[in-house]
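See below for the structure under consideration.
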Amino acid sequence: MKTKVITSKDVHLFYGNFEALTGIDLDFNEHEITAMIGPSGCGKSTYLRILNRMNDLIPGVKITGDIRLEDQDIYAPDTDVVALRKRVGMVFQQPNPFPFSIYDNVVYGLRLAGVKDRTTLDAAVETSLKQAAIWDEVKDKLHDSALSLSGGQQQRVCIARVLAVQPEVILLDEPTSALDPISSTQIENMLLELRDQYTIIIVTHNMHQASRISDKTAFFLQGRLVEFDDTKKMFLTPKQKETEDYLSGRFG
Amino acid sequence: MNAKQKDRLATGVLYTIAVLIVLILASLLGYILVQGLPHVSWHFLTSPAKAFEAGGGIGIQLFNSFYLLLLAMLISVPISLGAGIYLAEYAKANRLTDIIRTAIEILSSLPSVVVGLFGFLVFVLQFHFGFSILSGALALTMFNLPLLTRNIEDSLRQVDFAQREAGLALGLSRWETVIHVVIPEALPGIITGMILGAGRVFGEAAALIYTAGQSAPALDFTDWNPLNIASPLNIFRPAETLAVHIWKINSEGIQPDAAAVSAGASAVLILAVLLFNVLARFLGQRLYKKMTAE
Ligand SMILES: Nc1ncnc2c1ncn2[C@@H]1O[C@H](COP(=O)(O)OP(=O)(O)O)[C@@H](O)[C@H]1O
Ligand SMILES: [Mg+2]
């Protein structure tokens, strides 16, 4: 039995009057990759962003339910959101490096946390970039602007930036959908490498990607969680008719 | 006429207009510089003006212009930064914000003469600052603030929302995200706007005539105690600037060489403003390049 890192019960989210999530129960195990799939607009990103409270930024959002990181209620009034986001890192669809050097991007979180020691920072840069499988490509130009890199490289620098602050959970919202197939495969392989140390939750449009890298898959449809199971089981023998239709490409 | 011909005609017309504008600008600048530059010398740039005889310079006016500019920027930059950040990052979409925006809009469209008169009534008379650098700097602030605020707000808004998300998701607080991510990214635009604003302020005359005054008492450039009346740093002394000096000479100058002084001063003023513009472009591009690629 694996440890549950994140648990969520009866999660509802309203954008104003529109109920975008209609009661989701979903748990995530330590050191597993969970994929979230479903057609566009079904609420995958909305759900993912609940886990590090990124939805707090949007005016008029109302969230109910019980969402916990280990024992801590993520939405308790006394939760330190900043500390939460250090434990639950996030990678976005569009690579969004800061317009600074590769080095400065990676150590950003550490510097702000007050780390000044050069050797510590250097070590963190090397470790994180290696974990993100981009060290060899950038080790000779760490002080070039991160914006001079290709999209796939930028995305991996963004992942290194998240890894450098040593989160427990990494959320990825369609991290490869803006990238070419080769870069996508590189990132998929990297995630498989990272699995042993992190809990990874990835939203993906690409069913092939979900089946290739994930241990568990959650299928969303119109704000509902239709099915949640081991990836192998779900792809071979889906329990729900809707899942089967979606996986066989009949809609979405 | 078919579509292609129309297109060609339109392109031709627009092209002609563009060339015309450039030509007008070039001839204007050329005229002022050709007329004025022969009168510009080191002596002209450094010696004080003369009221009745020929051979006066613009030293004190030039110093006043820069000093006033510096003070005006010192006051308006922090305020406009605060206002710009508030409007771009924190202001909710509500009535109050609308009112603030409208107020800034109106303030930025006020003619500078009106700003000058306001400064005269409020700073010079009401606050008893008299015709002084301080009154002038405050009037220039009134004139500069709305434009600068707009510029800062726009520059901040141009930073992609994804960058803010990146900062927040990394565990930065809202304020840290603004300070450490958004502002550095908006910096090229902000700097460009500030320097262009500085150019505008430097050339401003109408707002200063009744605030900083039209006289340039002799200064003792060895006395840097701001409390002494002859000190260049004193902010309670009247201070005619270069732009005001030009206006003054042309309206009531009785020096035998008034035309020459005016032409020389105009050339210097134009050069300074041009310099601000070139500097703005150069620095803006440099900063932008430095941030986006090596
Ligand atoms: N900021 C928002 N305000 C209002 N509605 C939103 C907002 N963001 C998303 N939605 C709506 O919520 C639903 C789920 O969106 P999203 O979570 O982005 O879907 P997905 O990531 O699965 O494509 C969609 O119907 C979308 O239109
Ligand atoms: Mg999405």
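Chain labels run A, B, ... following the order of the structure tokens; each chain numbers its residues from 1, and ligands are numbered from 1 in the order shown.
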Next on the checklist: List as a ChimeraX atom specification the protein and nucleic acid residues lying within 8 Å of ligand 2, with only C-alpha atoms and all ligand atoms counted.
Outcome noted: /A:40-41,43-46,173-174,203
Would you kindly report the residues of chain B within 12 Å of chain A, using only C-alpha atoms, as a compact mmCIF listing (two decimals) with N, CA, C and O atoms, in the first residue's frame?
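Just written: out-v5.txt:
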# COMPACT_ATOMS: atom_id res chain seq x y z
N GLU B 89 -1.43 45.97 -10.95
CA GLU B 89 -1.34 44.69 -10.26
C GLU B 89 -2.42 44.48 -9.20
O GLU B 89 -2.79 43.36 -8.92
N TYR B 90 -2.86 45.54 -8.58
CA TYR B 90 -3.72 45.35 -7.42
C TYR B 90 -5.14 45.86 -7.59
O TYR B 90 -6.07 45.33 -6.98
N LYS B 92 -8.79 46.51 -8.26
CA LYS B 92 -9.89 45.68 -8.73
C LYS B 92 -10.67 46.47 -9.77
O LYS B 92 -10.62 47.69 -9.81
N ALA B 93 -11.39 45.75 -10.61
CA ALA B 93 -12.19 46.43 -11.62
C ALA B 93 -13.46 46.96 -10.96
O ALA B 93 -14.48 46.30 -10.96
N VAL B 159 3.62 42.65 -19.44
CA VAL B 159 4.29 41.42 -18.99
C VAL B 159 3.25 40.31 -18.96
O VAL B 159 2.17 40.46 -18.37
N ASP B 160 3.57 39.23 -19.60
CA ASP B 160 2.67 38.10 -19.76
C ASP B 160 2.15 37.58 -18.42
O ASP B 160 2.90 37.48 -17.46
N PHE B 161 0.86 37.24 -18.38
CA PHE B 161 0.30 36.70 -17.14
C PHE B 161 1.02 35.42 -16.74
O PHE B 161 1.18 35.12 -15.55
N ALA B 162 1.50 34.68 -17.74
CA ALA B 162 2.22 33.43 -17.46
C ALA B 162 3.44 33.68 -16.57
O ALA B 162 3.82 32.81 -15.78
N GLN B 163 4.05 34.85 -16.69
CA GLN B 163 5.22 35.15 -15.86
C GLN B 163 4.82 35.34 -14.41
O GLN B 163 5.54 34.95 -13.49
N ARG B 164 3.67 35.96 -14.21
CA ARG B 164 3.19 36.13 -12.83
C ARG B 164 2.87 34.76 -12.24
O ARG B 164 3.19 34.47 -11.10
N GLU B 165 2.20 33.94 -13.05
CA GLU B 165 1.88 32.58 -12.58
C GLU B 165 3.15 31.83 -12.22
O GLU B 165 3.21 31.13 -11.22
N ALA B 166 4.17 31.98 -13.06
CA ALA B 166 5.43 31.28 -12.80
C ALA B 166 5.98 31.69 -11.44
O ALA B 166 6.41 30.85 -10.65
N GLY B 167 5.96 32.98 -11.17
CA GLY B 167 6.47 33.47 -9.90
C GLY B 167 5.66 32.94 -8.72
O GLY B 167 6.21 32.41 -7.76
N LEU B 168 4.34 33.06 -8.84
CA LEU B 168 3.48 32.62 -7.74
C LEU B 168 3.62 31.12 -7.52
O LEU B 168 3.69 30.65 -6.38
N ALA B 169 3.67 30.37 -8.62
CA ALA B 169 3.76 28.91 -8.49
C ALA B 169 5.08 28.50 -7.86
O ALA B 169 5.20 27.43 -7.30
N LEU B 170 6.09 29.37 -7.96
CA LEU B 170 7.37 29.05 -7.34
C LEU B 170 7.36 29.34 -5.85
O LEU B 170 8.35 29.13 -5.16
N GLY B 171 6.25 29.86 -5.38
CA GLY B 171 6.17 30.16 -3.96
C GLY B 171 6.54 31.58 -3.63
O GLY B 171 6.84 31.91 -2.50
N LEU B 172 6.54 32.47 -4.63
CA LEU B 172 6.74 33.89 -4.33
C LEU B 172 5.39 34.47 -3.92
O LEU B 172 4.35 34.05 -4.41
N SER B 173 5.44 35.43 -3.02
CA SER B 173 4.20 36.12 -2.68
C SER B 173 3.86 37.05 -3.84
O SER B 173 4.65 37.26 -4.74
N ARG B 174 2.68 37.59 -3.78
CA ARG B 174 2.22 38.50 -4.81
C ARG B 174 3.20 39.66 -4.99
O ARG B 174 3.61 40.00 -6.09
N TRP B 175 3.57 40.25 -3.86
CA TRP B 175 4.45 41.42 -3.89
C TRP B 175 5.84 41.04 -4.41
O TRP B 175 6.43 41.75 -5.21
N GLU B 176 6.34 39.88 -3.95
CA GLU B 176 7.64 39.42 -4.45
C GLU B 176 7.60 39.19 -5.95
O GLU B 176 8.55 39.47 -6.67
N THR B 177 6.47 38.66 -6.41
CA THR B 177 6.34 38.43 -7.85
C THR B 177 6.42 39.75 -8.61
O THR B 177 7.10 39.86 -9.62
N ILE B 179 7.83 42.58 -7.57
CA ILE B 179 9.14 43.19 -7.44
C ILE B 179 10.22 42.42 -8.20
O ILE B 179 11.08 43.00 -8.86
N HIS B 180 10.18 41.10 -8.11
CA HIS B 180 11.29 40.31 -8.63
C HIS B 180 11.07 39.76 -10.03
O HIS B 180 12.01 39.33 -10.68
N VAL B 181 9.83 39.71 -10.48
CA VAL B 181 9.59 39.16 -11.81
C VAL B 181 9.01 40.22 -12.76
O VAL B 181 9.57 40.49 -13.82
N VAL B 182 7.91 40.83 -12.33
CA VAL B 182 7.20 41.70 -13.26
C VAL B 182 7.97 42.99 -13.54
O VAL B 182 8.17 43.37 -14.71
N ILE B 183 8.44 43.65 -12.50
CA ILE B 183 9.13 44.92 -12.72
C ILE B 183 10.42 44.76 -13.52
O ILE B 183 10.64 45.49 -14.48
N PRO B 184 11.27 43.78 -13.18
CA PRO B 184 12.46 43.61 -14.02
C PRO B 184 12.11 43.40 -15.50
O PRO B 184 12.78 43.91 -16.38
N GLU B 185 11.02 42.67 -15.73
CA GLU B 185 10.66 42.44 -17.12
C GLU B 185 10.13 43.68 -17.80
O GLU B 185 10.28 43.86 -19.01
N ALA B 186 9.46 44.51 -17.01
CA ALA B 186 8.88 45.72 -17.60
C ALA B 186 9.90 46.85 -17.67
O ALA B 186 9.63 47.90 -18.25
N LEU B 187 11.07 46.63 -17.08
CA LEU B 187 12.03 47.71 -16.93
C LEU B 187 12.40 48.43 -18.23
O LEU B 187 12.44 49.67 -18.25
N PRO B 188 12.67 47.71 -19.33
CA PRO B 188 13.01 48.44 -20.55
C PRO B 188 11.95 49.46 -20.92
O PRO B 188 12.27 50.62 -21.22
N LEU B 287 18.61 47.22 -22.79
CA LEU B 287 18.06 46.47 -21.67
C LEU B 287 17.24 45.30 -22.18
O LEU B 287 17.33 44.19 -21.67
N TYR B 288 16.42 45.58 -23.19
CA TYR B 288 15.55 44.54 -23.70
C TYR B 288 16.37 43.38 -24.26
O TYR B 288 16.10 42.22 -23.98
N LYS B 289 17.39 43.74 -25.02
CA LYS B 289 18.26 42.70 -25.60
C LYS B 289 18.93 41.89 -24.51
O LYS B 289 19.00 40.68 -24.56
N LYS B 290 19.40 42.61 -23.50
CA LYS B 290 20.11 41.94 -22.43
C LYS B 290 19.21 40.92 -21.74
O LYS B 290 19.65 39.88 -21.28
N MET B 291 17.92 41.26 -21.68
CA MET B 291 17.02 40.36 -20.98
C MET B 291 16.57 39.20 -21.85
O MET B 291 16.33 38.10 -21.37
N THR B 292 16.40 39.45 -23.15
CA THR B 292 15.81 38.41 -23.97
C THR B 292 16.84 37.47 -24.58
O THR B 292 16.53 36.34 -24.88
N ALA B 293 18.04 37.91 -24.80
CA ALA B 293 19.04 37.01 -25.37
C ALA B 293 20.42 37.56 -25.07
O ALA B 293 20.58 38.70 -24.69
N GLU B 294 21.39 36.70 -25.24
CA GLU B 294 22.75 37.14 -24.91
C GLU B 294 23.34 37.94 -26.05
O GLU B 294 23.17 37.63 -27.19
Checklist entry - Could you pull the residues within 10 Å of A:Ile74, counting only C-alpha atoms, minus those fewer than 3 positions along the same chain, as a PyMOL selection string? => result chain A and resi 6+8+50-53+66-71+77-81+84
Name all residues at most 7 Å from B:Ala230 (count only C-alpha atoms; drop same-chain ones fewer than 5 positions away) and give them as a PDB file with all heavy atoms, in the first residue's frame.
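Writing the result to out.pdb gives the following:
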ATOM      1  N   ALA B 218      22.159  85.357  -9.905  1.00  0.00           N
ATOM      2  CA  ALA B 218      23.513  84.807 -10.005  1.00  0.00           C
ATOM      3  C   ALA B 218      23.716  83.707  -8.970  1.00  0.00           C
ATOM      4  O   ALA B 218      23.198  83.784  -7.860  1.00  0.00           O
ATOM      5  CB  ALA B 218      24.532  85.916  -9.783  1.00  0.00           C
ATOM      6  N   LEU B 219      24.426  82.684  -9.365  1.00  0.00           N
ATOM      7  CA  LEU B 219      24.688  81.583  -8.451  1.00  0.00           C
ATOM      8  C   LEU B 219      26.169  81.514  -8.145  1.00  0.00           C
ATOM      9  O   LEU B 219      27.003  81.874  -8.968  1.00  0.00           O
ATOM     10  CB  LEU B 219      24.249  80.258  -9.087  1.00  0.00           C
ATOM     11  CG  LEU B 219      22.762  80.135  -9.390  1.00  0.00           C
ATOM     12  CD1 LEU B 219      22.487  78.799 -10.066  1.00  0.00           C
ATOM     13  CD2 LEU B 219      21.932  80.293  -8.142  1.00  0.00           C
ATOM     14  N   ASP B 220      26.451  81.067  -6.964  1.00  0.00           N
ATOM     15  CA  ASP B 220      27.845  80.883  -6.572  1.00  0.00           C
ATOM     16  C   ASP B 220      28.141  79.391  -6.616  1.00  0.00           C
ATOM     17  O   ASP B 220      27.747  78.649  -5.716  1.00  0.00           O
ATOM     18  CB  ASP B 220      28.028  81.443  -5.157  1.00  0.00           C
ATOM     19  CG  ASP B 220      29.444  81.196  -4.649  1.00  0.00           C
ATOM     20  OD1 ASP B 220      30.259  80.636  -5.435  1.00  0.00           O
ATOM     21  OD2 ASP B 220      29.716  81.541  -3.488  1.00  0.00           O
TER      22      ASP B 220
END
Item to check | Point-to-point distance from atom CA of B:Thr46 to atom CA of B:Asn228, Å rounded to tenths | outcome: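 Between atom CA of B:Thr46 and atom CA of B:Asn228 the gap works out to 21.3 Å.
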Checklist entry - Per DSSP on the backbone, what are the helix (DSSP H, G or I) residues of stretch 181-262 of chain B, as a ChimeraX atom specification? => result /B:181-202,206-209,242-252,258-262
Item to check | Non-local contacts of stretch 221-238 of chain A (7 Å; only C-alpha atoms; under 3 positions in same chain excluded) as a PyMOL selection string | outcome: chain A and resi 20-24+38-39+42-43+211+214-218+243-244
Checklist entry - Quick one: residues within 12 Å of B:Asn144, only C-alpha atoms counted, chain neighbours fewer than 5 positions away excluded, as a VMD selection string? => result chain B and resid 69 71 to 77 79 to 80 104 107 to 112 115 136 to 139 149 to 151 193 to 202 204 207
Go ahead and save the residues from that selection, with N, CA, C and O atoms, as a compact mmCIF listing (two decimals), in the first residue's frame.
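Below is the file that was written, result-v3.txt:
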# COMPACT_ATOMS: atom_id res chain seq x y z
N LEU B 69 14.75 69.36 -13.46
CA LEU B 69 14.40 68.05 -14.00
C LEU B 69 14.68 66.97 -12.96
O LEU B 69 13.84 66.11 -12.70
N LEU B 71 14.90 67.22 -9.72
CA LEU B 71 13.97 67.27 -8.58
C LEU B 71 12.59 66.75 -8.99
O LEU B 71 11.97 65.97 -8.27
N ALA B 72 12.14 67.18 -10.17
CA ALA B 72 10.81 66.75 -10.63
C ALA B 72 10.78 65.23 -10.76
O ALA B 72 9.80 64.58 -10.38
N MET B 73 11.86 64.65 -11.29
CA MET B 73 11.88 63.19 -11.44
C MET B 73 11.96 62.51 -10.08
O MET B 73 11.34 61.48 -9.86
N LEU B 74 12.74 63.12 -9.17
CA LEU B 74 12.84 62.52 -7.83
C LEU B 74 11.49 62.45 -7.15
O LEU B 74 11.19 61.51 -6.42
N ILE B 75 10.66 63.46 -7.41
CA ILE B 75 9.33 63.43 -6.78
C ILE B 75 8.39 62.51 -7.57
O ILE B 75 7.67 61.71 -7.00
N SER B 76 8.42 62.62 -8.90
CA SER B 76 7.36 61.94 -9.65
C SER B 76 7.63 60.46 -9.89
O SER B 76 6.69 59.68 -10.01
N VAL B 77 8.90 60.05 -9.94
CA VAL B 77 9.15 58.63 -10.21
C VAL B 77 8.62 57.70 -9.11
O VAL B 77 7.88 56.77 -9.41
N ILE B 79 6.27 58.24 -6.91
CA ILE B 79 4.80 58.29 -6.85
C ILE B 79 4.19 57.54 -8.02
O ILE B 79 3.27 56.73 -7.86
N SER B 80 4.73 57.78 -9.21
CA SER B 80 4.12 57.13 -10.38
C SER B 80 4.39 55.63 -10.37
O SER B 80 3.56 54.84 -10.84
N ILE B 104 -6.59 60.42 -13.90
CA ILE B 104 -5.25 60.43 -14.51
C ILE B 104 -5.34 60.88 -15.96
O ILE B 104 -4.55 61.68 -16.45
N LEU B 107 -5.98 64.59 -16.05
CA LEU B 107 -4.77 65.28 -15.64
C LEU B 107 -3.75 65.29 -16.78
O LEU B 107 -3.05 66.28 -17.00
N SER B 108 -3.69 64.17 -17.51
CA SER B 108 -2.67 64.09 -18.56
C SER B 108 -3.07 64.91 -19.79
O SER B 108 -2.23 65.20 -20.63
N SER B 109 -4.33 65.31 -19.88
CA SER B 109 -4.71 66.08 -21.05
C SER B 109 -4.81 67.57 -20.74
O SER B 109 -5.14 68.37 -21.60
N LEU B 110 -4.54 67.95 -19.49
CA LEU B 110 -4.57 69.37 -19.15
C LEU B 110 -3.44 70.11 -19.88
O LEU B 110 -2.31 69.65 -19.88
N PRO B 111 -3.77 71.27 -20.46
CA PRO B 111 -2.70 72.06 -21.09
C PRO B 111 -1.70 72.50 -20.03
O PRO B 111 -2.09 72.78 -18.89
N SER B 112 -0.43 72.56 -20.39
CA SER B 112 0.57 72.83 -19.37
C SER B 112 0.44 74.24 -18.80
O SER B 112 0.84 74.49 -17.68
N VAL B 115 -1.72 73.84 -15.89
CA VAL B 115 -0.96 73.24 -14.80
C VAL B 115 -0.09 74.30 -14.14
O VAL B 115 0.01 74.39 -12.91
N GLY B 136 8.35 75.06 -9.03
CA GLY B 136 8.50 74.56 -10.40
C GLY B 136 8.52 73.05 -10.44
O GLY B 136 7.84 72.43 -11.27
N ALA B 137 9.28 72.45 -9.53
CA ALA B 137 9.38 70.99 -9.54
C ALA B 137 8.02 70.37 -9.26
O ALA B 137 7.66 69.35 -9.87
N LEU B 138 7.26 70.97 -8.37
CA LEU B 138 5.94 70.42 -8.06
C LEU B 138 5.00 70.56 -9.27
O LEU B 138 4.24 69.65 -9.59
N ALA B 139 5.08 71.71 -9.94
CA ALA B 139 4.25 71.89 -11.14
C ALA B 139 4.64 70.87 -12.20
O ALA B 139 3.78 70.25 -12.85
N THR B 149 2.70 57.59 -14.93
CA THR B 149 1.88 56.53 -14.34
C THR B 149 1.30 55.64 -15.44
O THR B 149 1.35 54.41 -15.36
N ARG B 150 0.76 56.29 -16.47
CA ARG B 150 0.21 55.53 -17.59
C ARG B 150 1.27 54.63 -18.20
O ARG B 150 1.05 53.46 -18.48
N ASN B 151 2.44 55.21 -18.41
CA ASN B 151 3.53 54.45 -19.03
C ASN B 151 3.91 53.25 -18.17
O ASN B 151 4.09 52.14 -18.68
N GLY B 193 10.13 55.09 -21.03
CA GLY B 193 9.09 56.07 -20.73
C GLY B 193 9.60 57.19 -19.84
O GLY B 193 9.27 58.36 -20.04
N MET B 194 10.44 56.84 -18.87
CA MET B 194 10.95 57.85 -17.96
C MET B 194 11.86 58.83 -18.68
O MET B 194 11.79 60.04 -18.45
N ILE B 195 12.70 58.32 -19.55
CA ILE B 195 13.62 59.23 -20.25
C ILE B 195 12.84 60.12 -21.21
O ILE B 195 13.11 61.32 -21.31
N LEU B 196 11.85 59.54 -21.89
CA LEU B 196 11.04 60.37 -22.78
C LEU B 196 10.32 61.44 -21.96
O LEU B 196 10.22 62.60 -22.37
N GLY B 197 9.84 61.05 -20.79
CA GLY B 197 9.19 62.00 -19.89
C GLY B 197 10.16 63.09 -19.48
O GLY B 197 9.81 64.27 -19.44
N ALA B 198 11.40 62.68 -19.22
CA ALA B 198 12.42 63.65 -18.84
C ALA B 198 12.63 64.66 -19.97
O ALA B 198 12.77 65.87 -19.73
N GLY B 199 12.63 64.18 -21.20
CA GLY B 199 12.79 65.07 -22.36
C GLY B 199 11.66 66.09 -22.41
O GLY B 199 11.87 67.28 -22.64
N ARG B 200 10.44 65.59 -22.16
CA ARG B 200 9.27 66.45 -22.19
C ARG B 200 9.38 67.53 -21.11
O ARG B 200 9.13 68.70 -21.34
N VAL B 201 9.76 67.08 -19.92
CA VAL B 201 9.88 68.01 -18.80
C VAL B 201 10.98 69.04 -19.07
O VAL B 201 10.83 70.23 -18.78
N PHE B 202 12.06 68.59 -19.66
CA PHE B 202 13.20 69.47 -19.92
C PHE B 202 12.81 70.62 -20.85
O PHE B 202 13.28 71.74 -20.70
N GLU B 204 9.81 71.87 -21.21
CA GLU B 204 8.57 72.53 -20.79
C GLU B 204 8.81 73.97 -20.36
O GLU B 204 9.72 74.25 -19.58
N ALA B 207 4.48 75.59 -17.99
CA ALA B 207 4.16 75.23 -16.61
C ALA B 207 5.11 75.88 -15.62
O ALA B 207 4.86 75.89 -14.42
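For A:Asp122, the non-local neighbours within 10 Å, defined as residues at least 5 positions apart in the same chain or in other chains and counting only C-alpha atoms, are Tyr103, Val106, Val107, Asp117 and Thr127 of chain A.
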Item to check | Distance in Å - atom CA of A:Ile200 versus atom CA of A:Val169 | outcome: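 Between atom CA of A:Ile200 and atom CA of A:Val169 the gap is 5.9 Å.
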Next on the checklist: Between atom CA of B:Ile58 and atom CA of B:Phe123, what distance in Å does the model show, to one decimal?
Outcome noted: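 For atom CA of B:Ile58 relative to atom CA of B:Phe123, the distance reads 26.4 Å.
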Item to check | Which residue of A:Lys241, A:Lys62, A:Lys130, A:Lys9 approaches ligand 1 most closely, using only C-alpha atoms and all ligand atoms | outcome: A:Lys62
Checklist entry - Could you write out, as number ranges by chain, all the residues of stretch 49-141 of chain A that DSSP marks as strand (DSSP E or B)? => result A: 61-69, 72-73, 88-91, 101
